[in-house]
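To be precise, the following lines are target24.cif, and they hold mmCIF, C-alpha atoms.
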```cif
data_final
#
loop_
_atom_site.label_atom_id
_atom_site.label_comp_id
_atom_site.auth_asym_id
_atom_site.auth_seq_id
_atom_site.Cartn_x
_atom_site.Cartn_y
_atom_site.Cartn_z
CA MET U 1 -63.53 57.02 46.01
CA THR U 2 -62.07 55.10 43.08
CA ARG U 3 -60.27 52.67 45.38
CA HIS U 4 -63.45 52.13 47.38
CA LEU U 5 -65.50 51.33 44.26
CA LEU U 6 -62.88 49.00 42.85
CA ALA U 7 -62.53 47.06 46.06
CA ARG U 8 -66.29 46.63 46.48
CA GLY U 9 -66.39 44.28 43.63
CA PHE U 10 -66.38 44.61 39.92
CA PHE U 11 -64.11 42.34 38.24
CA LEU U 12 -61.39 39.38 35.98
CA ALA U 13 -60.41 34.91 32.91
CA LEU U 14 -61.72 34.31 29.97
CA LEU U 15 -60.30 30.80 29.83
CA TYR U 16 -58.46 29.29 32.77
CA LEU U 17 -58.00 31.53 35.82
CA LEU U 18 -55.70 29.19 37.69
CA PRO U 19 -52.59 27.44 36.37
CA PHE U 20 -53.16 23.83 35.45
CA HIS U 21 -50.66 22.65 38.07
CA ALA U 22 -52.43 24.43 40.95
CA LEU U 23 -53.25 22.68 44.19
CA ALA U 24 -55.70 19.81 44.35
CA ALA U 25 -59.35 20.41 45.03
CA GLN U 26 -60.28 22.43 48.09
CA ILE U 27 -63.46 21.12 49.70
CA LEU U 28 -65.92 23.07 51.81
CA HIS U 29 -68.79 21.45 53.71
CA LEU U 30 -71.72 23.52 54.95
CA THR U 31 -74.02 21.43 57.11
CA ALA U 32 -77.77 21.99 57.21
CA SER U 33 -79.34 23.37 60.36
CA ASP U 34 -80.75 20.65 62.63
CA ASP U 35 -84.09 22.37 63.03
CA ALA U 36 -84.58 23.21 59.34
CA ILE U 37 -86.82 21.34 56.95
CA PRO U 38 -84.40 18.94 55.20
CA HIS U 39 -83.76 19.21 51.46
CA PRO U 40 -81.69 17.05 49.14
CA PRO U 41 -77.98 17.88 49.42
CA LEU U 42 -76.17 20.13 46.95
CA VAL U 43 -72.81 19.36 45.33
CA ILE U 44 -71.09 22.24 43.58
CA HIS U 45 -67.93 21.84 41.52
CA ALA U 46 -66.31 25.16 40.68
CA ALA U 47 -63.22 27.05 39.68
CA LEU U 48 -63.77 29.85 42.17
CA ASP U 49 -61.53 30.39 45.17
CA PRO U 50 -63.15 29.81 48.59
CA PRO U 51 -62.76 33.43 49.81
CA GLN U 52 -64.99 34.51 46.94
CA ALA U 53 -67.34 31.52 47.19
CA ARG U 54 -67.95 31.47 50.96
CA PRO U 55 -70.16 34.59 51.18
CA LEU U 56 -72.38 33.29 48.37
CA LEU U 57 -72.68 29.81 49.87
CA ALA U 58 -73.40 31.19 53.33
CA ALA U 59 -76.10 33.51 52.02
CA PHE U 60 -77.70 30.68 50.09
CA GLN U 61 -77.74 28.45 53.15
CA ARG U 62 -79.33 31.21 55.22
CA ARG U 63 -82.11 31.24 52.66
CA HIS U 64 -82.28 27.42 52.49
CA PRO U 65 -80.95 26.15 55.86
CA GLY U 66 -82.05 22.58 55.18
CA VAL U 67 -79.52 22.03 52.37
CA ASP U 68 -76.19 20.32 53.07
CA ILE U 69 -73.57 21.79 50.70
CA THR U 70 -70.39 20.17 49.43
CA TYR U 71 -68.26 22.66 47.49
CA ARG U 72 -65.18 21.51 45.58
CA ASN U 73 -62.85 24.16 44.22
CA LEU U 74 -60.64 22.89 41.39
CA THR U 75 -58.55 24.36 38.62
CA THR U 76 -60.47 24.86 35.41
CA LEU U 77 -58.71 21.98 33.68
CA ALA U 78 -59.30 19.58 36.58
CA LEU U 79 -62.93 20.72 36.78
CA HIS U 80 -63.52 20.02 33.11
CA GLU U 81 -61.76 16.67 33.10
CA ARG U 82 -63.53 15.53 36.25
CA PHE U 83 -66.89 16.35 34.72
CA LEU U 84 -66.12 14.38 31.57
CA ALA U 85 -65.09 11.40 33.69
CA HIS U 86 -68.04 11.68 36.13
CA PRO U 87 -70.89 13.68 34.54
CA GLY U 88 -73.33 12.60 37.23
CA GLU U 89 -71.27 13.74 40.21
CA ALA U 90 -72.06 17.48 40.50
CA ASP U 91 -75.35 19.36 40.77
CA VAL U 92 -73.90 22.70 39.63
CA MET U 93 -70.83 23.49 37.53
CA ILE U 94 -69.20 26.93 37.80
CA SER U 95 -66.18 28.05 35.83
CA SER U 96 -64.57 31.07 34.20
CA ALA U 97 -63.30 28.79 31.41
CA MET U 98 -65.97 30.11 29.11
CA PRO U 99 -65.11 28.07 25.99
CA TRP U 100 -65.08 24.82 27.95
CA GLN U 101 -68.35 25.59 29.72
CA PHE U 102 -69.95 26.49 26.41
CA ALA U 103 -68.60 23.32 24.80
CA LEU U 104 -70.22 21.20 27.53
CA ALA U 105 -73.57 22.95 27.19
CA ASN U 106 -73.39 22.82 23.41
CA ALA U 107 -72.79 19.06 23.63
CA GLY U 108 -76.06 18.61 25.51
CA HIS U 109 -74.75 18.33 29.07
CA ALA U 110 -76.83 21.20 30.52
CA ARG U 111 -80.42 21.15 31.76
CA PRO U 112 -82.80 23.89 30.58
CA LEU U 113 -83.07 26.77 33.06
CA ARG U 114 -86.00 28.63 31.56
CA ALA U 115 -87.68 29.11 34.94
CA HIS U 116 -84.50 30.35 36.64
CA ILE U 117 -83.21 33.27 34.53
CA PRO U 118 -84.93 36.67 34.87
CA ASP U 119 -86.57 37.88 31.67
CA ASP U 120 -84.42 41.01 31.66
CA TRP U 121 -81.14 39.15 32.10
CA PRO U 122 -78.73 40.40 29.37
CA VAL U 123 -79.10 38.35 26.20
CA TRP U 124 -75.30 38.14 25.89
CA ALA U 125 -75.08 36.63 29.38
CA HIS U 126 -76.94 33.37 28.81
CA TRP U 127 -77.16 30.75 26.10
CA ARG U 128 -80.38 28.89 25.26
CA ARG U 129 -81.27 29.53 28.91
CA GLU U 130 -79.07 26.56 29.80
CA LEU U 131 -75.78 28.31 30.50
CA VAL U 132 -75.80 31.56 32.48
CA ALA U 133 -73.16 34.16 33.29
CA PHE U 134 -73.54 35.65 36.75
CA THR U 135 -70.43 37.83 37.26
CA PHE U 136 -68.82 40.75 35.45
CA GLU U 137 -65.04 40.91 35.85
CA PRO U 138 -62.89 43.32 33.79
CA ILE U 139 -59.27 42.63 32.97
CA VAL U 140 -57.09 45.45 34.26
CA MET U 141 -53.66 47.02 34.48
CA VAL U 142 -51.92 47.70 37.81
CA VAL U 143 -49.02 50.12 38.20
CA HIS U 144 -46.60 50.88 41.03
CA ARG U 145 -46.22 54.47 42.21
CA GLU U 146 -42.52 54.46 41.22
CA LEU U 147 -43.68 54.57 37.62
CA ALA U 148 -44.38 58.28 38.17
CA GLN U 149 -40.59 58.85 38.14
CA ILE U 150 -40.59 57.69 34.53
CA SER U 151 -43.92 58.73 33.06
CA ALA U 152 -47.56 59.48 33.70
CA THR U 153 -49.88 56.58 34.48
CA PRO U 154 -51.18 54.94 31.27
CA ARG U 155 -54.97 55.07 30.97
CA ASN U 156 -55.41 52.84 27.95
CA HIS U 157 -53.58 50.56 25.56
CA ALA U 158 -52.34 53.42 23.38
CA ASP U 159 -50.76 55.09 26.41
CA LEU U 160 -49.14 51.83 27.41
CA LEU U 161 -47.73 51.24 23.94
CA GLU U 162 -46.25 54.74 23.84
CA LEU U 163 -44.80 54.31 27.33
CA LEU U 164 -43.12 51.03 26.45
CA ALA U 165 -41.79 52.44 23.18
CA THR U 166 -40.31 55.62 24.69
CA HIS U 167 -38.81 54.20 27.90
CA PRO U 168 -37.52 50.71 27.04
CA GLU U 169 -34.36 50.95 29.16
CA ALA U 170 -36.07 52.30 32.28
CA LEU U 171 -38.74 49.60 32.07
CA ALA U 172 -36.48 46.70 31.13
CA GLY U 173 -37.50 43.66 33.16
CA ARG U 174 -40.01 45.68 35.21
CA VAL U 175 -43.19 44.88 33.28
CA ALA U 176 -45.13 41.65 33.78
CA THR U 177 -47.90 39.95 31.86
CA TYR U 178 -49.28 36.48 31.24
CA ASP U 179 -47.37 33.92 29.21
CA PRO U 180 -49.97 32.74 26.66
CA ALA U 181 -48.05 29.53 26.05
CA SER U 182 -48.28 28.33 29.66
CA SER U 183 -51.31 30.25 30.97
CA GLY U 184 -54.82 29.58 29.77
CA ALA U 185 -55.84 33.06 30.87
CA GLY U 186 -52.97 34.59 28.94
CA TYR U 187 -53.89 32.64 25.83
CA ALA U 188 -57.53 33.66 26.11
CA TYR U 189 -56.70 37.33 26.49
CA ALA U 190 -54.29 37.19 23.56
CA MET U 191 -56.95 35.57 21.39
CA GLU U 192 -59.54 38.23 22.26
CA GLU U 193 -57.19 41.20 21.96
CA SER U 194 -55.89 40.08 18.58
CA ARG U 195 -59.50 40.34 17.37
CA LEU U 196 -60.25 43.66 19.07
CA SER U 197 -57.20 45.80 18.42
CA PRO U 198 -55.32 46.36 15.14
CA ARG U 199 -52.32 47.50 17.21
CA TYR U 200 -52.26 44.47 19.49
CA TRP U 201 -49.26 42.91 17.80
CA ASP U 202 -47.33 46.18 18.11
CA LEU U 203 -48.05 46.03 21.84
CA VAL U 204 -46.76 42.47 22.03
CA ALA U 205 -43.58 43.57 20.26
CA ALA U 206 -43.21 46.48 22.69
CA LEU U 207 -43.58 44.10 25.62
CA GLY U 208 -40.82 41.98 24.16
CA ASN U 209 -38.66 45.05 23.65
CA VAL U 210 -38.73 45.80 27.41
CA ASP U 211 -38.08 42.15 28.26
CA ALA U 212 -41.48 41.82 29.94
CA GLN U 213 -41.57 39.02 32.50
CA LEU U 214 -44.01 36.30 31.46
CA VAL U 215 -45.89 34.62 34.31
CA GLU U 216 -48.76 32.20 34.79
CA THR U 217 -51.00 33.90 37.34
CA THR U 218 -52.35 37.26 38.46
CA SER U 219 -50.94 36.47 41.92
CA GLN U 220 -47.38 36.36 40.54
CA MET U 221 -47.85 39.79 38.97
CA LEU U 222 -49.30 41.20 42.18
CA ASP U 223 -46.43 39.80 44.25
CA GLY U 224 -43.89 41.52 41.99
CA LEU U 225 -45.84 44.78 42.01
CA ARG U 226 -46.12 44.84 45.79
CA ASP U 227 -42.40 44.34 46.35
CA GLY U 228 -41.48 46.86 43.63
CA ARG U 229 -39.87 44.42 41.19
CA PHE U 230 -42.53 45.28 38.64
CA LEU U 231 -43.76 48.76 37.79
CA ILE U 232 -46.52 47.64 35.42
CA GLY U 233 -48.73 44.58 35.39
CA TYR U 234 -50.69 44.05 32.22
CA ASN U 235 -53.91 42.01 31.93
CA LEU U 236 -54.53 41.06 35.55
CA LEU U 237 -57.78 39.55 36.74
CA GLY U 238 -59.49 42.54 38.29
CA SER U 239 -61.50 40.60 40.85
CA TYR U 240 -58.25 39.27 42.34
CA ALA U 241 -56.29 42.51 41.94
CA ALA U 242 -58.87 44.88 43.47
CA PRO U 243 -58.55 43.87 47.14
CA VAL U 244 -54.74 43.86 46.91
CA VAL U 245 -54.70 47.35 45.41
CA GLU U 246 -57.16 48.56 48.04
CA ASP U 247 -54.75 47.51 50.79
CA ASP U 248 -51.57 48.85 49.15
CA PRO U 249 -51.17 52.63 48.67
CA ASP U 250 -48.24 52.03 46.31
CA LEU U 251 -50.49 50.44 43.68
CA THR U 252 -53.09 51.84 41.29
CA LEU U 253 -55.61 49.78 39.34
CA ILE U 254 -56.60 50.91 35.85
CA ILE U 255 -59.49 49.73 33.72
CA PRO U 256 -58.38 50.80 30.22
CA ASP U 257 -60.76 53.38 28.77
CA ASP U 258 -60.28 52.34 25.12
CA TYR U 259 -61.26 48.71 25.59
CA ALA U 260 -61.28 46.30 28.52
CA LEU U 261 -61.79 42.58 28.26
CA VAL U 262 -64.39 41.17 30.62
CA THR U 263 -64.60 37.61 31.85
CA GLN U 264 -67.59 35.96 33.46
CA ARG U 265 -68.25 32.93 35.61
CA LEU U 266 -70.60 30.56 33.84
CA ALA U 267 -72.91 28.15 35.66
CA PHE U 268 -75.06 25.27 34.52
CA VAL U 269 -76.91 22.29 35.96
CA PRO U 270 -75.73 19.00 34.42
CA ARG U 271 -78.40 16.79 32.89
CA GLN U 272 -77.24 13.97 35.16
CA ALA U 273 -77.20 16.10 38.32
CA PRO U 274 -78.00 13.80 41.28
CA ASN U 275 -79.94 16.52 43.12
CA PRO U 276 -81.61 18.71 40.49
CA ALA U 277 -84.11 20.19 42.96
CA SER U 278 -81.34 21.63 45.13
CA ALA U 279 -79.47 22.71 42.01
CA SER U 280 -82.55 24.65 40.89
CA LEU U 281 -82.74 26.40 44.24
CA PHE U 282 -79.11 27.44 43.95
CA MET U 283 -79.43 28.67 40.37
CA ASP U 284 -82.49 30.69 41.36
CA PHE U 285 -80.47 32.25 44.15
CA LEU U 286 -77.43 32.88 41.96
CA VAL U 287 -79.33 35.20 39.60
CA SER U 288 -81.72 36.64 42.20
CA LEU U 289 -81.42 40.15 43.61
CA GLU U 290 -80.39 38.65 46.95
CA GLY U 291 -77.67 36.50 45.47
CA GLN U 292 -76.38 39.26 43.23
CA ARG U 293 -76.38 41.73 46.12
CA THR U 294 -74.19 39.26 48.01
CA LEU U 295 -71.76 39.27 45.08
CA ALA U 296 -71.71 43.08 45.01
CA ASP U 297 -71.31 43.59 48.75
CA ALA U 298 -69.23 40.64 49.93
CA THR U 299 -67.02 39.67 46.95
CA THR U 300 -65.05 41.33 44.16
CA LEU U 301 -66.75 39.34 41.40
CA GLY U 302 -69.13 42.01 40.10
CA ALA U 303 -72.93 41.66 40.12
CA LEU U 304 -74.56 41.33 36.72
CA HIS U 305 -78.25 41.77 37.63
CA PRO U 306 -79.70 44.51 35.37
CA ALA U 307 -81.87 45.91 38.18
CA MET U 308 -78.85 46.67 40.37
CA SER U 309 -76.63 49.74 40.40
CA GLY U 310 -73.98 51.18 42.64
CA PRO U 311 -70.63 49.81 43.81
CA GLY U 312 -69.83 46.28 42.78
CA THR U 313 -72.21 46.13 39.80
CA ALA U 314 -71.90 45.87 36.05
CA THR U 315 -74.34 48.77 35.73
CA GLN U 316 -71.99 51.22 37.42
CA LEU U 317 -69.03 50.00 35.39
CA ARG U 318 -70.98 50.46 32.17
CA GLU U 319 -72.02 53.96 33.22
CA ARG U 320 -68.37 54.80 33.71
CA PHE U 321 -66.73 52.97 30.81
CA GLY U 322 -69.57 52.35 28.35
CA ASP U 323 -68.66 50.48 25.20
CA ALA U 324 -65.03 50.15 26.30
CA LEU U 325 -66.09 47.09 28.30
CA ARG U 326 -66.08 44.02 26.07
CA PRO U 327 -67.77 40.96 27.57
CA PRO U 328 -67.77 38.06 25.10
CA ASP U 329 -71.06 36.77 23.75
CA LEU U 330 -72.00 33.26 24.78
CA GLY U 331 -72.06 31.50 21.44
CA PRO U 332 -70.20 29.24 19.03
CA GLY U 333 -67.43 31.83 18.67
CA LEU U 334 -66.08 30.68 22.02
CA LEU U 335 -65.24 27.31 20.56
CA ALA U 336 -62.47 28.88 18.48
CA GLY U 337 -60.41 28.98 21.66
CA LEU U 338 -60.42 25.19 21.78
CA ASP U 339 -59.28 24.64 18.19
CA ARG U 340 -55.78 23.12 18.29
CA LEU U 341 -54.55 24.53 14.98
CA LYS U 342 -55.77 28.04 15.74
CA ARG U 343 -54.10 27.90 19.12
CA GLN U 344 -50.80 26.82 17.58
CA ALA U 345 -50.99 29.60 14.97
CA LEU U 346 -51.73 32.33 17.51
CA LEU U 347 -48.99 31.20 19.88
CA ALA U 348 -46.48 31.05 17.03
CA ARG U 349 -47.27 34.62 16.00
CA TRP U 350 -47.22 35.83 19.61
CA GLN U 351 -43.74 34.43 20.11
CA ARG U 352 -42.58 35.89 16.79
CA GLU U 353 -43.88 39.37 17.61
CA PHE U 354 -42.56 39.26 21.18
CA GLN U 355 -39.08 38.55 19.78
CA ARG U 356 -39.40 41.09 16.95
CA ALA U 357 -37.12 43.66 18.61
CA LEU U 358 -34.50 41.02 19.33
CA GLY U 359 -34.52 40.02 15.67
CA ASN U 360 -34.07 43.64 14.58
CA ASP U 361 -31.14 44.06 16.98
CA GLU U 362 -29.45 40.98 15.56
CA LYS U 363 -29.87 42.32 12.00
CA SER U 364 -28.38 45.68 12.95
CA LYS U 365 -25.24 43.95 14.21
CA GLN U 366 -24.61 42.19 10.93
#
```
In structure tokens, how does this file's structure come out?
Amino acid sequence: MTRHLLARGFFLALLYLLPFHALAAQILHLTASDDAIPHPPLVIHAALDPPQARPLLAAFQRRHPGVDITYRNLTTLALHERFLAHPGEADVMISSAMPWQFALANAGHARPLRAHIPDDWPVWAHWRRELVAFTFEPIVMVVHRELAQISATPRNHADLLELLATHPEALAGRVATYDPASSGAGYAYAMEESRLSPRYWDLVAALGNVDAQLVETTSQMLDGLRDGRFLIGYNLLGSYAAPVVEDDPDLTLIIPDDYALVTQRLAFVPRQAPNPASASLFMDFLVSLEGQRTLADATTLGALHPAMSGPGTATQLRERFGDALRPPDLGPGLLAGLDRLKRQALLARWQREFQRALGNDEKSKQ
């Protein structure tokens, strides 16, 4: 039952889901039906992989068959930079890089969407009714079944910390997590966890003590877990991990029950959108029951609509995990992630704590 619910679609980047050096833009074209009433075209620029985007685009076009759609999938950095260079190119912008999306809206680049957000949409999931979150994607842990030969499966961060502390030799080199210095997602999670947990830095030190492998993507962690090189993956994007875990009986996905970060895809219509009428149609669909049901049933992104329940919805996750789920508020606090000095300070401490055990070993030898 748990595997079925997880695979149906809950999940998570706060900042940058894809590495900055990822492949160039992937472009999808969905052509309007010949016998449909024509509408202005729709250009969507997004950081959302095509397998997750296609069901949503197809459902929208079934509702509005007269709209030609051009969908460009880019990395979050490329998406942001392209918008700054060509602010009148896209009709809709979608990204999980929450600080960057907020920064653009805060700078006046977003059109008001007062007519397109349901009145009961969560207040923490939109900002000034210009920027709207439409997914709910927890950050998770994934473990390999061979871990059972060492210890019980950790259910939260305290369990993980104890496991790392008591079995450092058995786990040496067999734990993987993001490198916050080279991964935007890793940096974002580190920033949020350092605020949430007073024991976060002890966990970073414990990861260093087991020589945790630092990677740039959830896919790299999943590859190592599937082939047995890794026994524990920490802070994976749940929406990408869920279908892999569903298909692999050796893996188990865990949403920590003490706290779980949640990322969300944010969408807005640029003020200079060339086709604002089509953009409005798409935004209406994105937050509608029909659009959200598509997310719940056909993707692993997690539907946010407050009127929905059952598999693939934020409502069911909240019923199960309650206050342990920690979606960030859309507000000025997100801008802290873009502050250069704060970033440098956090990364310096992360590296220091990760190497804490090494430093203690060196002292003991003197």
For range 239-326 of chain U against range 125-131 of chain U, with a cut-off of 10 Å and counting all atoms listed in the file, what is the closest atom pair and its distance in Å to one decimal for every residue that makes the cut, ordered by chain and number, as JSON lines?
```
{"residue": "U:Gln264", "atom": "CA", "partner": "U:Ala125", "partner_atom": "CA", "distance": 8.6}
{"residue": "U:Arg265", "atom": "CA", "partner": "U:Ala125", "partner_atom": "CA", "distance": 10.0}
{"residue": "U:Leu266", "atom": "CA", "partner": "U:Leu131", "partner_atom": "CA", "distance": 6.6}
{"residue": "U:Ala267", "atom": "CA", "partner": "U:Leu131", "partner_atom": "CA", "distance": 5.9}
{"residue": "U:Phe268", "atom": "CA", "partner": "U:Leu131", "partner_atom": "CA", "distance": 5.1}
{"residue": "U:Val269", "atom": "CA", "partner": "U:Glu130", "partner_atom": "CA", "distance": 7.8}
{"residue": "U:Pro270", "atom": "CA", "partner": "U:Glu130", "partner_atom": "CA", "distance": 9.5}
{"residue": "U:Leu304", "atom": "CA", "partner": "U:Ala125", "partner_atom": "CA", "distance": 8.7}
```
Take the residues from that selection and put them in a file with C-alpha atoms, as a compact mmCIF listing (two decimals), keeping the file's coordinate frame.
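Listing of selection_6.txt after writing:
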```txt
# COMPACT_ATOMS: atom_id res chain seq x y z
CA GLN U 264 -67.59 35.96 33.46
CA ARG U 265 -68.25 32.93 35.61
CA LEU U 266 -70.60 30.56 33.84
CA ALA U 267 -72.91 28.15 35.66
CA PHE U 268 -75.06 25.27 34.52
CA VAL U 269 -76.91 22.29 35.96
CA PRO U 270 -75.73 19.00 34.42
CA LEU U 304 -74.56 41.33 36.72
```
Inset, instruction - Grab the CA of Gly228 in chain U to CA of Pro249 in chain U distance for me, in Å with one decimal place. - result: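 Interatomic distance, CA of Gly228 in chain U to CA of Pro249 in chain U: 12.4 Å.
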Legend entry - Pick from U:Gly184, U:Pro138, U:Pro311, U:Gly302, whichever lies nearest to Asn235 in chain U using only C-alpha atoms: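 Selected residue with least distance to Asn235 in chain U: U:Pro138.
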Taking 3 positions as the minimum chain separation for residues in the same chain, which residues sit within 9 Å of range 143-154 of chain U when counting all atoms listed in the file? Answer as a short mmCIF file (atom, residue, chain, number, x, y, z; two decimals) with C-alpha atoms, in the frame of the given file.
```cif
data_model
loop_
_atom_site.label_atom_id
_atom_site.label_comp_id
_atom_site.auth_asym_id
_atom_site.auth_seq_id
_atom_site.Cartn_x
_atom_site.Cartn_y
_atom_site.Cartn_z
CA HIS U 157 -53.58 50.56 25.56
CA ALA U 158 -52.34 53.42 23.38
CA ASP U 159 -50.76 55.09 26.41
CA LEU U 160 -49.14 51.83 27.41
CA LEU U 161 -47.73 51.24 23.94
CA GLU U 162 -46.25 54.74 23.84
CA LEU U 163 -44.80 54.31 27.33
CA HIS U 167 -38.81 54.20 27.90
CA ALA U 170 -36.07 52.30 32.28
CA LEU U 171 -38.74 49.60 32.07
CA LEU U 225 -45.84 44.78 42.01
CA ARG U 226 -46.12 44.84 45.79
CA GLY U 228 -41.48 46.86 43.63
CA PHE U 230 -42.53 45.28 38.64
CA LEU U 231 -43.76 48.76 37.79
CA ILE U 232 -46.52 47.64 35.42
CA GLY U 233 -48.73 44.58 35.39
CA TYR U 234 -50.69 44.05 32.22
CA PRO U 249 -51.17 52.63 48.67
CA ASP U 250 -48.24 52.03 46.31
CA LEU U 251 -50.49 50.44 43.68
CA THR U 252 -53.09 51.84 41.29
CA LEU U 253 -55.61 49.78 39.34
CA ILE U 254 -56.60 50.91 35.85
CA PRO U 256 -58.38 50.80 30.22
#
```
Legend entry - Sel. within 10 Å of pt (-64.2, 27.7, 23.9), counting only C-alpha atoms, output as a ChimeraX atom specification: /U:14-15,97-104,188,330-339
